[in-house]
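> Have a peek at query-v3.cif (mmCIF, C-alpha atoms).
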data_data
loop_
_atom_site.label_atom_id
_atom_site.label_comp_id
_atom_site.auth_asym_id
_atom_site.auth_seq_id
_atom_site.Cartn_x
_atom_site.Cartn_y
_atom_site.Cartn_z
CA MET A 8 143.08 145.78 163.50
CA THR A 9 139.60 146.50 162.16
CA ALA A 10 136.44 145.02 163.66
CA ALA A 11 136.03 142.88 160.55
CA ALA A 12 139.56 141.53 160.87
CA ALA A 13 139.06 140.86 164.57
CA ASN A 14 135.94 138.85 163.83
CA GLN A 15 137.70 136.94 161.07
CA SER A 16 140.51 136.01 163.46
CA GLY A 17 138.02 134.74 166.03
CA ARG A 18 138.81 137.58 168.45
CA ARG A 19 136.14 139.96 169.72
CA PRO A 20 136.75 143.72 169.80
CA THR A 21 137.11 145.35 173.23
CA GLY A 22 133.73 145.66 174.99
CA ALA A 23 131.89 143.23 172.72
CA ARG A 24 132.01 140.48 175.31
CA ARG A 25 130.31 142.76 177.85
CA LEU A 26 127.43 143.33 175.44
CA GLU A 27 126.80 139.62 175.07
CA ARG A 28 124.52 137.88 177.54
CA ALA A 29 126.10 135.09 179.56
CA GLY A 30 124.46 131.74 178.91
CA ILE A 31 123.96 128.68 181.05
CA ARG A 32 126.95 127.02 179.34
CA ASP A 33 129.17 129.93 180.44
CA VAL A 34 128.01 129.52 184.05
CA ALA A 35 128.60 125.75 183.93
CA ALA A 36 132.10 126.19 182.52
CA ALA A 37 133.07 128.89 185.04
CA ALA A 38 131.70 126.88 187.97
CA GLY A 39 133.18 123.59 186.75
CA VAL A 40 129.83 121.77 186.82
CA SER A 41 127.32 120.39 184.32
CA ILE A 42 124.50 122.39 182.73
CA THR A 43 122.00 120.22 184.62
CA THR A 44 123.65 121.13 187.90
CA VAL A 45 123.43 124.86 187.05
CA SER A 46 119.74 124.49 186.23
CA ASP A 47 119.01 122.59 189.46
CA ALA A 48 121.03 125.04 191.57
CA LEU A 49 119.29 128.13 190.20
CA ASN A 50 115.81 126.61 190.35
CA GLY A 51 116.07 125.08 193.79
CA LYS A 52 115.79 121.56 192.47
CA GLY A 53 117.81 118.39 192.76
CA ARG A 54 119.87 117.06 195.65
CA LEU A 55 122.91 119.28 195.57
CA PRO A 56 125.35 120.10 198.37
CA ASP A 57 124.75 123.58 199.75
CA GLU A 58 128.27 124.65 198.80
CA THR A 59 127.68 123.63 195.16
CA ARG A 60 124.38 125.48 195.01
CA SER A 61 125.96 128.59 196.56
CA LYS A 62 128.95 128.46 194.20
CA VAL A 63 126.75 128.21 191.10
CA ARG A 64 124.60 131.12 192.21
CA GLU A 65 127.67 133.24 192.96
CA VAL A 66 129.13 132.52 189.52
CA ALA A 67 125.79 133.25 187.82
CA GLU A 68 125.54 136.57 189.66
CA ARG A 69 129.13 137.50 188.78
CA LEU A 70 128.59 136.73 185.10
CA GLY A 71 125.23 138.50 185.04
CA TYR A 72 123.44 135.35 183.93
CA ARG A 73 119.68 135.60 183.66
CA PRO A 74 117.56 132.63 182.53
CA SER A 75 115.79 133.11 179.22
CA ALA A 76 112.10 133.85 179.72
CA ALA A 77 111.21 131.69 176.74
CA ALA A 78 113.31 128.82 178.06
CA ARG A 79 111.78 129.12 181.51
CA THR A 80 108.29 129.04 180.03
CA LEU A 81 109.10 125.88 178.10
CA ARG A 82 110.72 124.28 181.15
CA THR A 83 108.21 125.21 183.83
CA GLY A 84 105.05 126.09 181.91
CA ARG A 85 105.09 129.51 183.63
CA SER A 86 105.60 132.95 182.10
CA GLY A 87 106.83 134.74 185.22
CA LEU A 88 104.05 137.33 184.82
CA ILE A 89 101.28 138.00 187.33
CA GLY A 90 98.38 140.38 186.81
CA LEU A 91 96.85 143.04 189.04
CA THR A 92 93.47 144.62 188.37
CA VAL A 93 90.57 146.47 189.97
CA THR A 94 87.24 145.09 188.78
CA THR A 95 84.85 147.32 190.75
CA TYR A 96 85.52 150.25 188.42
CA GLY A 97 86.10 148.15 185.32
CA GLN A 98 83.73 150.11 183.11
CA GLU A 99 85.05 153.50 184.17
CA PRO A 100 88.19 155.50 183.19
CA PHE A 101 89.84 154.50 186.47
CA THR A 102 93.58 154.65 187.14
CA PHE A 103 95.49 153.32 190.13
CA THR A 104 97.37 156.55 190.72
CA GLU A 105 94.25 158.61 191.42
CA PHE A 106 94.01 157.21 194.96
CA ALA A 107 96.92 156.85 197.35
CA TYR A 108 95.75 153.41 198.53
CA PHE A 109 95.98 151.82 195.08
CA ALA A 110 99.30 153.52 194.30
CA GLU A 111 100.88 152.28 197.55
CA MET A 112 99.42 148.80 197.20
CA ALA A 113 100.60 148.44 193.58
CA ARG A 114 104.08 149.71 194.47
CA ALA A 115 104.46 147.15 197.26
CA ALA A 116 103.03 144.37 195.07
CA THR A 117 105.50 145.19 192.29
CA SER A 118 108.44 145.05 194.69
CA ALA A 119 107.25 141.76 196.22
CA ALA A 120 106.85 140.20 192.76
CA LEU A 121 110.36 141.24 191.69
CA ASN A 122 111.79 139.80 194.89
CA ARG A 123 110.30 136.44 193.90
CA GLY A 124 111.49 136.67 190.28
CA TYR A 125 108.15 137.69 188.76
CA ALA A 126 106.96 140.80 186.94
CA LEU A 127 103.68 142.51 187.77
CA VAL A 128 101.37 143.57 184.94
CA VAL A 129 98.64 146.12 185.75
CA LEU A 130 95.60 145.46 183.57
CA PRO A 131 92.20 147.11 183.20
CA ALA A 132 89.21 144.92 183.99
CA ALA A 133 87.62 145.97 180.71
CA SER A 134 89.08 147.40 177.51
CA ARG A 135 88.13 147.82 173.88
CA HIS A 136 91.20 145.69 173.17
CA ASP A 137 91.34 142.10 174.40
CA VAL A 138 94.53 142.74 176.38
CA TRP A 139 93.98 139.79 178.74
CA SER A 140 94.33 137.25 175.95
CA ASN A 141 97.57 138.92 174.81
CA VAL A 142 99.36 138.40 178.12
CA ALA A 143 100.25 134.93 179.41
CA LEU A 144 99.66 135.27 183.14
CA ASP A 145 100.52 132.72 185.82
CA GLY A 146 97.94 134.20 188.21
CA THR A 147 96.16 137.42 189.10
CA VAL A 148 95.61 139.73 192.08
CA VAL A 149 92.14 141.28 192.05
CA ILE A 150 91.48 144.36 194.19
CA ASP A 151 88.02 144.78 195.78
CA PRO A 152 86.05 142.27 193.67
CA SER A 153 82.30 142.67 193.71
CA ASP A 154 79.91 139.88 194.62
CA HIS A 155 79.65 137.30 191.81
CA ASP A 156 82.44 139.15 189.96
CA PRO A 157 82.38 137.88 186.34
CA MET A 158 86.11 138.44 185.80
CA VAL A 159 87.06 136.40 188.86
CA ALA A 160 84.69 133.66 187.72
CA GLU A 161 86.31 133.61 184.27
CA LEU A 162 89.84 133.47 185.68
CA TYR A 163 88.74 130.59 187.92
CA ARG A 164 87.23 128.81 184.90
CA GLN A 165 90.59 129.12 183.13
CA GLY A 166 92.31 127.49 186.09
CA LEU A 167 94.39 130.55 187.04
CA PRO A 168 95.13 131.18 190.73
CA VAL A 169 93.42 134.36 191.99
CA VAL A 170 94.15 136.16 195.25
CA SER A 171 91.92 139.08 196.18
CA ASP A 172 92.71 142.23 198.10
CA GLY A 173 89.35 142.32 199.89
CA ARG A 174 87.00 139.57 200.95
CA PRO A 175 85.63 138.07 197.74
CA GLY A 176 82.00 137.53 198.74
CA ASN A 177 80.72 134.75 196.49
CA CYS A 178 83.74 134.78 194.17
CA PRO A 179 85.89 131.63 193.84
CA VAL A 180 89.41 132.74 194.81
CA THR A 181 92.50 130.87 195.95
CA ALA A 182 92.99 133.16 198.96
CA TRP A 183 92.19 136.66 200.15
CA VAL A 184 93.64 139.39 202.34
CA ASP A 185 91.59 142.14 203.95
CA ASN A 186 91.15 144.47 206.92
CA ASP A 187 88.43 144.11 209.53
CA HIS A 188 86.43 147.01 208.14
CA GLY A 189 83.53 146.56 210.53
CA SER A 190 85.74 146.85 213.60
CA ALA A 191 87.63 149.79 212.09
CA VAL A 192 84.38 151.72 211.53
CA LEU A 193 83.16 150.98 215.06
CA ASP A 194 86.48 152.22 216.49
CA ILE A 195 86.10 155.46 214.53
CA LEU A 196 82.51 155.95 215.70
CA GLU A 197 83.64 155.39 219.30
CA HIS A 198 86.49 157.87 218.82
CA LEU A 199 84.09 160.53 217.49
CA THR A 200 81.59 159.86 220.28
CA GLU A 201 84.27 160.28 222.92
CA ALA A 202 85.22 163.58 221.25
CA GLY A 203 81.66 164.83 221.84
CA ALA A 204 79.83 163.88 218.61
CA ARG A 205 76.08 163.24 218.92
CA ARG A 206 75.02 162.92 215.28
CA ILE A 207 77.62 161.06 213.21
CA GLY A 208 77.23 160.96 209.45
CA LEU A 209 78.82 158.82 206.73
CA LEU A 210 80.02 159.43 203.17
CA THR A 211 79.90 156.08 201.38
CA GLY A 212 79.80 154.61 197.89
CA THR A 213 77.27 152.95 195.61
CA SER A 214 79.54 150.03 194.57
CA THR A 215 79.09 146.44 195.77
CA ASP A 216 82.68 145.71 196.82
CA THR A 217 83.11 144.31 200.31
CA TYR A 218 85.00 147.35 201.65
CA THR A 219 82.09 149.67 200.91
CA ARG A 220 79.41 147.18 201.88
CA LEU A 221 80.93 146.05 205.19
CA SER A 222 81.83 149.59 206.26
CA THR A 223 78.32 150.85 205.52
CA GLU A 224 76.69 147.89 207.27
CA ALA A 225 78.82 148.52 210.37
CA TYR A 226 77.68 152.15 210.46
CA LEU A 227 74.00 151.27 210.01
CA GLY A 228 74.22 148.59 212.71
CA TRP A 229 75.78 151.11 215.10
CA CYS A 230 72.98 153.59 214.36
CA ARG A 231 70.39 150.96 215.33
CA ARG A 232 72.19 150.17 218.57
CA VAL A 233 72.51 153.79 219.70
CA HIS A 234 69.06 154.74 218.33
CA GLN A 235 70.43 157.34 215.92
CA GLU A 236 68.74 158.03 212.61
CA PRO A 237 71.29 157.19 209.88
CA LEU A 238 72.79 160.29 208.26
CA TYR A 239 74.61 159.25 205.11
CA GLU A 240 75.11 160.03 201.44
CA ALA A 241 76.21 157.47 198.83
CA TYR A 242 77.88 158.35 195.54
CA PRO A 243 79.93 156.62 192.77
CA ALA A 244 83.42 156.62 194.31
CA HIS A 245 85.17 156.70 190.91
CA ASP A 246 83.69 160.17 190.19
CA PRO A 247 85.66 162.90 192.06
CA SER A 248 83.04 165.59 191.45
CA ALA A 249 80.30 163.33 192.83
CA GLY A 250 82.15 163.14 196.17
CA ALA A 251 82.14 166.91 196.55
CA VAL A 252 78.42 167.06 195.75
CA ALA A 253 77.66 164.29 198.27
CA ALA A 254 79.65 166.10 200.99
CA ASP A 255 77.67 169.26 200.26
CA ARG A 256 74.35 167.39 200.45
CA LEU A 257 75.29 165.83 203.77
CA LEU A 258 76.15 169.15 205.42
CA ALA A 259 73.11 170.89 203.91
CA ARG A 260 70.65 168.58 205.65
CA PRO A 261 68.35 170.17 208.25
CA ASP A 262 69.51 167.43 210.65
CA ARG A 263 73.14 168.11 209.79
CA PRO A 264 75.64 165.74 211.46
CA ASP A 265 78.17 167.15 213.90
CA ALA A 266 80.77 164.53 212.83
CA VAL A 267 81.40 162.67 209.56
CA TYR A 268 83.45 159.66 208.51
CA GLY A 269 84.32 159.49 204.80
CA LEU A 270 85.19 156.09 203.32
CA PHE A 271 87.28 157.38 200.43
CA ASP A 272 90.52 159.29 199.95
CA PRO A 273 89.12 162.65 198.69
CA ASN A 274 86.40 162.85 201.34
CA GLY A 275 88.54 164.79 203.81
CA THR A 276 89.17 167.70 201.44
CA ASP A 277 85.57 167.52 200.14
CA LEU A 278 84.19 167.86 203.66
CA LEU A 279 86.61 170.65 204.63
CA ALA A 280 85.52 172.62 201.57
CA ALA A 281 81.80 172.00 202.25
CA ALA A 282 82.25 173.03 205.91
CA ARG A 283 83.79 176.33 204.83
CA ARG A 284 80.88 177.00 202.47
CA TYR A 285 78.41 176.55 205.33
CA GLY A 286 80.46 178.51 207.85
CA LEU A 287 81.22 175.45 209.99
CA ARG A 288 84.39 175.33 212.03
CA VAL A 289 86.41 172.11 212.13
CA PRO A 290 86.63 170.64 214.74
CA GLU A 291 84.48 172.98 216.88
CA ASP A 292 81.30 172.55 214.82
CA LEU A 293 82.17 169.47 212.78
CA LEU A 294 84.48 166.54 213.55
CA LEU A 295 86.08 164.82 210.53
CA VAL A 296 87.73 161.47 209.79
CA CYS A 297 88.43 159.91 206.39
CA CYS A 298 90.09 156.76 205.10
CA SER A 299 93.25 157.75 203.25
CA GLU A 300 96.93 156.94 202.82
CA SER A 301 97.77 160.44 201.61
CA ASP A 302 100.28 162.57 203.52
CA VAL A 303 98.43 165.70 202.42
CA TYR A 304 96.03 165.39 205.37
CA ALA A 305 98.88 166.09 207.80
CA THR A 306 99.14 169.62 206.37
CA THR A 307 95.52 170.64 205.73
CA GLU A 308 93.89 173.32 207.88
CA PRO A 309 93.15 171.75 210.23
CA PRO A 310 95.06 168.45 209.82
CA VAL A 311 92.56 165.62 209.21
CA THR A 312 92.40 162.34 211.14
CA THR A 313 92.82 159.39 208.75
CA LEU A 314 92.36 155.65 208.83
CA SER A 315 95.22 153.72 207.21
CA LEU A 316 94.47 150.27 205.76
CA LYS A 317 98.19 149.47 205.48
CA PRO A 318 98.26 148.90 201.69
CA GLN A 319 102.01 148.20 201.59
CA ARG A 320 101.58 145.21 203.88
CA ILE A 321 98.55 144.00 201.94
CA GLY A 322 100.30 144.36 198.56
CA THR A 323 103.25 142.31 199.75
CA THR A 324 101.05 139.62 201.30
CA VAL A 325 98.71 139.09 198.33
CA VAL A 326 101.61 138.71 195.90
CA ASN A 327 103.44 136.20 198.11
CA LEU A 328 100.24 134.20 198.57
CA LEU A 329 99.66 134.21 194.81
CA ILE A 330 103.20 133.10 193.95
CA ASP A 331 103.04 130.37 196.62
CA ALA A 332 99.86 129.12 194.94
CA ILE A 333 101.47 129.28 191.48
CA GLU A 334 104.55 127.38 192.55
CA GLY A 335 102.76 125.03 194.94
CA ALA A 336 105.63 125.35 197.39
CA ASN A 337 105.39 125.14 201.16
CA LEU A 338 101.61 125.30 201.16
CA PRO A 339 99.56 123.75 203.96
CA HIS A 340 97.29 120.83 203.10
CA GLU A 341 94.33 123.17 203.00
CA PHE A 342 95.03 126.67 201.68
CA PRO A 343 94.06 129.39 204.19
CA SER A 344 90.77 131.06 203.30
CA GLY A 345 91.93 134.52 204.26
CA GLN A 346 94.20 136.75 206.29
CA MET A 347 93.23 139.88 208.23
CA MET A 348 95.52 142.90 208.34
CA PRO A 349 95.49 145.55 211.07
CA THR A 350 94.43 149.15 210.47
CA GLU A 351 95.73 152.31 212.13
CA LEU A 352 93.80 155.44 213.11
CA ILE A 353 96.10 158.44 212.80
CA VAL A 354 94.46 160.98 215.09
CA ARG A 355 94.86 164.65 214.16
CA GLN A 356 93.17 167.92 215.02
CA SER A 357 90.01 167.46 212.89
CA SER A 358 88.54 164.86 215.27
CA GLN A 359 89.55 166.41 218.59
CA ARG A 360 87.42 169.16 220.07
CA ARG A 361 89.37 171.94 221.70
CA PRO A 362 88.47 172.25 225.38
CA ASN A 363 86.57 175.38 226.34
CA ARG A 364 88.90 178.00 227.70
CA ILE A 365 88.38 178.85 231.37
CA THR A 366 89.75 182.19 232.47
CA ILE A 367 90.98 182.26 236.06
CA ASN A 368 91.68 185.72 237.49
CA ALA A 369 94.52 186.12 239.96
CA PRO A 370 93.28 186.61 243.54
CA ARG A 371 93.11 190.23 244.69
CA PRO A 372 94.85 191.43 247.86
CA PRO A 373 92.57 191.82 250.93
CA GLY A 374 90.71 195.13 251.04
CA GLU A 375 91.15 195.82 247.31
CA THR A 376 87.95 196.42 245.39
#
Spell out the structure here as structure tokens.

Amino acid sequence: MTAAAANQSGRRPTGARRLERAGIRDVAAAAGVSITTVSDALNGKGRLPDETRSKVREVAERLGYRPSAAARTLRTGRSGLIGLTVTTYGQEPFTFTEFAYFAEMARAATSAALNRGYALVVLPAASRHDVWSNVALDGTVVIDPSDHDPMVAELYRQGLPVVSDGRPGNCPVTAWVDNDHGSAVLDILEHLTEAGARRIGLLTGTSTDTYTRLSTEAYLGWCRRVHQEPLYEAYPAHDPSAGAVAADRLLARPDRPDAVYGLFDPNGTDLLAAARRYGLRVPEDLLLVCCSESDVYATTEPPVTTLSLKPQRIGTTVVNLLIDAIEGANLPHEFPSGQMMPTELIVRQSSQRRPNRITINAPRPPGET
């Protein structure tokens, strides 16, 4: 029988049924319930027995049923899309994959969104095309917003929930998640001091995001307390070549530091290269720590001590907070203002001075000269 004849007889050719998408009516018929019951069971609504809800979900999974995005939008007023953007570098050709932190954070955020039935859309803060108006978002995650961030203010004006990765300063956000950057910097300075450092320098950025600002303020406050003249260089963090130049300037100073903490991912390799140019041994002449999620620092020569900000945990948390705000489910009466995430200092050879070798000669027998 030809395909045309099969269609005329009302029968589908082999495999055609598998290509068709199961609908809500198919699920209702297979489960022996009404369409309304299927809708309530899959959306967590209504007063249904647990066994009915479980049966409907099992049938829907077996049939491969997926709710229509258009139908869900009409029913709930939500698109199922959430945005993620970095506004600090909005005017620059910045990509998430250039730094391990953003790549790890975005990967975890994507997985968390999918687990909740949402899709994550990564958007630039600025573009020659008005991409933001072309995407119907239910809410947005903003990474490292600057003080008085205009994009955050506009999203707030539109009534969209916004959760920030980083304390938002004066920005109106629904919630935020961050690390205690001040404490992390002080722990690193203490670690370097205990390793024998006497003049600790800093590579920092020129941006106004809270990570850069709080980390720099913690370093300057420590310098005042220990009566050390600040030794730091600031550069635009989005420019890789600028980081190498800043590392070179820092180690070329007449009052060169004997230890340096770099706030950004490439700073470890920048400082290793600058140390080699000036004939400085790491860690004997120069102790190094940088903030990075990259595994490459475990294999450099020498391996570099790194501070991890735990981006996977942050990415998961910000997305769950955002979706909770979108859905308005299980929220406390007053939404929490922020959550702090722990950091981890991964100590390697670059920040540990080798002890001086002491040669002990074996005792000579009596009478031997």
> I'd like to see the residues matched by the PyMOL selection byres ((chain A and resi 61) around 12) on this file, and ideally I'd get them as a list in words.
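Applied to this file, the PyMOL selection byres ((chain A and resi 61) around 12) selects Ala38, Thr44, Val45, Asp47, Ala48, Leu49, Gly51, Leu55, Pro56, Asp57, Glu58, Thr59, Arg60, Lys62, Val63, Arg64, Glu65, Val66, Ala67 and Glu68 of chain A.
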> Just how far from atom CA of A:Leu316 is atom CA of A:Gly208, in Å to one decimal?
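We find that atom CA of A:Gly208 and atom CA of A:Leu316 lie 20.6 Å from each other.
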> At what distance in Å, to one decimal, does atom CA of A:Gly322 lie from atom CA of A:Tyr108?
10.1 Å
> What's around A:Pro310 at 12 Å? Count all atoms listed in the file, leave out sequence neighbours fewer than 3 positions away in its own chain, and write the answer as a count of residues only.
24
> What separation in Å, quoted to one decimal, exists between atom CA of A:Pro309 and atom CA of A:Ala241?
24.9 Å
> If the PyMOL selection byres ((chain A and resi 150) around 9) were run on this exact file, what residues would it hold? Put them as a ChimeraX atom specification.
/A:91-95,109,148-149,151-152,170-173
> Could those selected residues go to a file with C-alpha atoms, as a compact mmCIF listing (two decimals), keeping the file's coordinate frame?

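And here is the file that came out, part_15.txt:
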# COMPACT_ATOMS: atom_id res chain seq x y z
CA LEU A 91 96.85 143.04 189.04
CA THR A 92 93.47 144.62 188.37
CA VAL A 93 90.57 146.47 189.97
CA THR A 94 87.24 145.09 188.78
CA THR A 95 84.85 147.32 190.75
CA PHE A 109 95.98 151.82 195.08
CA VAL A 148 95.61 139.73 192.08
CA VAL A 149 92.14 141.28 192.05
CA ASP A 151 88.02 144.78 195.78
CA PRO A 152 86.05 142.27 193.67
CA VAL A 170 94.15 136.16 195.25
CA SER A 171 91.92 139.08 196.18
CA ASP A 172 92.71 142.23 198.10
CA GLY A 173 89.35 142.32 199.89
> List as a ChimeraX atom specification the protein and nucleic acid residues near stretch 268-272 of chain A, meaning an atom at most 9 Å away when all atoms listed in the file are counted, but skip any in the same chain fewer than 5 places from it.
/A:106-108,192,195-196,207-212,218-219,222-223,244,250,254,278,294-301
> Would you kindly translate the PyMOL selection byres ((chain A and resi 251) around 8) into the concrete residues it picks from this file, as a JSON list (two decimals) with C-alpha atoms, in the coordinates of the input?

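Contents of part.json, as written:
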[["chain", "number", "residue", "atom", "x", "y", "z"],
["A", 247, "PRO", "CA", 85.66, 162.90, 192.06],
["A", 248, "SER", "CA", 83.04, 165.59, 191.45],
["A", 249, "ALA", "CA", 80.30, 163.33, 192.83],
["A", 250, "GLY", "CA", 82.15, 163.14, 196.17],
["A", 252, "VAL", "CA", 78.42, 167.06, 195.75],
["A", 253, "ALA", "CA", 77.66, 164.29, 198.27],
["A", 254, "ALA", "CA", 79.65, 166.10, 200.99],
["A", 255, "ASP", "CA", 77.67, 169.26, 200.26],
["A", 274, "ASN", "CA", 86.40, 162.85, 201.34],
["A", 277, "ASP", "CA", 85.57, 167.52, 200.14],
["A", 278, "LEU", "CA", 84.19, 167.86, 203.66],
["A", 281, "ALA", "CA", 81.80, 172.00, 202.25]]
> As JSON, what would the box around stretch 344-361 of chain A look like: edges along x, y and z, 6 Å added on every side, centre and edge lengths in Å to one decimal?

{"center_x": 91.8, "center_y": 151.5, "center_z": 212.5, "size_x": 20.7, "size_y": 52.9, "size_z": 30.4}
> For A:Asp145, which residue out of A:Gly87, A:Leu293, A:Ser118, A:Gly203 is the nearest one, using only C-alpha atoms?
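The closest residue to A:Asp145 is A:Gly87.
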> Name all residues at most 7 Å from A:Gly90 (count only C-alpha atoms; drop same-chain ones fewer than 2 positions away) and give them as an NGL selection string.
:A and (88 or 92 or 127-130 or 144 or 146-148)
> Any idea what's packed within 9 Å of stretch 154-165 of chain A, counting all atoms listed in the file, ignoring anything in its chain fewer than 2 positions away? Could you give it as a list in words?
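That gives Thr94, Thr95, Ala132, Gly146, Thr147, Val149, Pro152, Leu167, Pro168, Val169, Pro175, Gly176, Asn177, Cys178, Pro179, Val180, Thr181, Thr215, Asp216 and Thr217 of chain A.
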> Name the closest residue to A:Ser190 among the candidates A:Pro273, A:Pro318, A:Pro264, A:Gly228; distances are taken between atoms, counting only C-alpha atoms.
A:Gly228
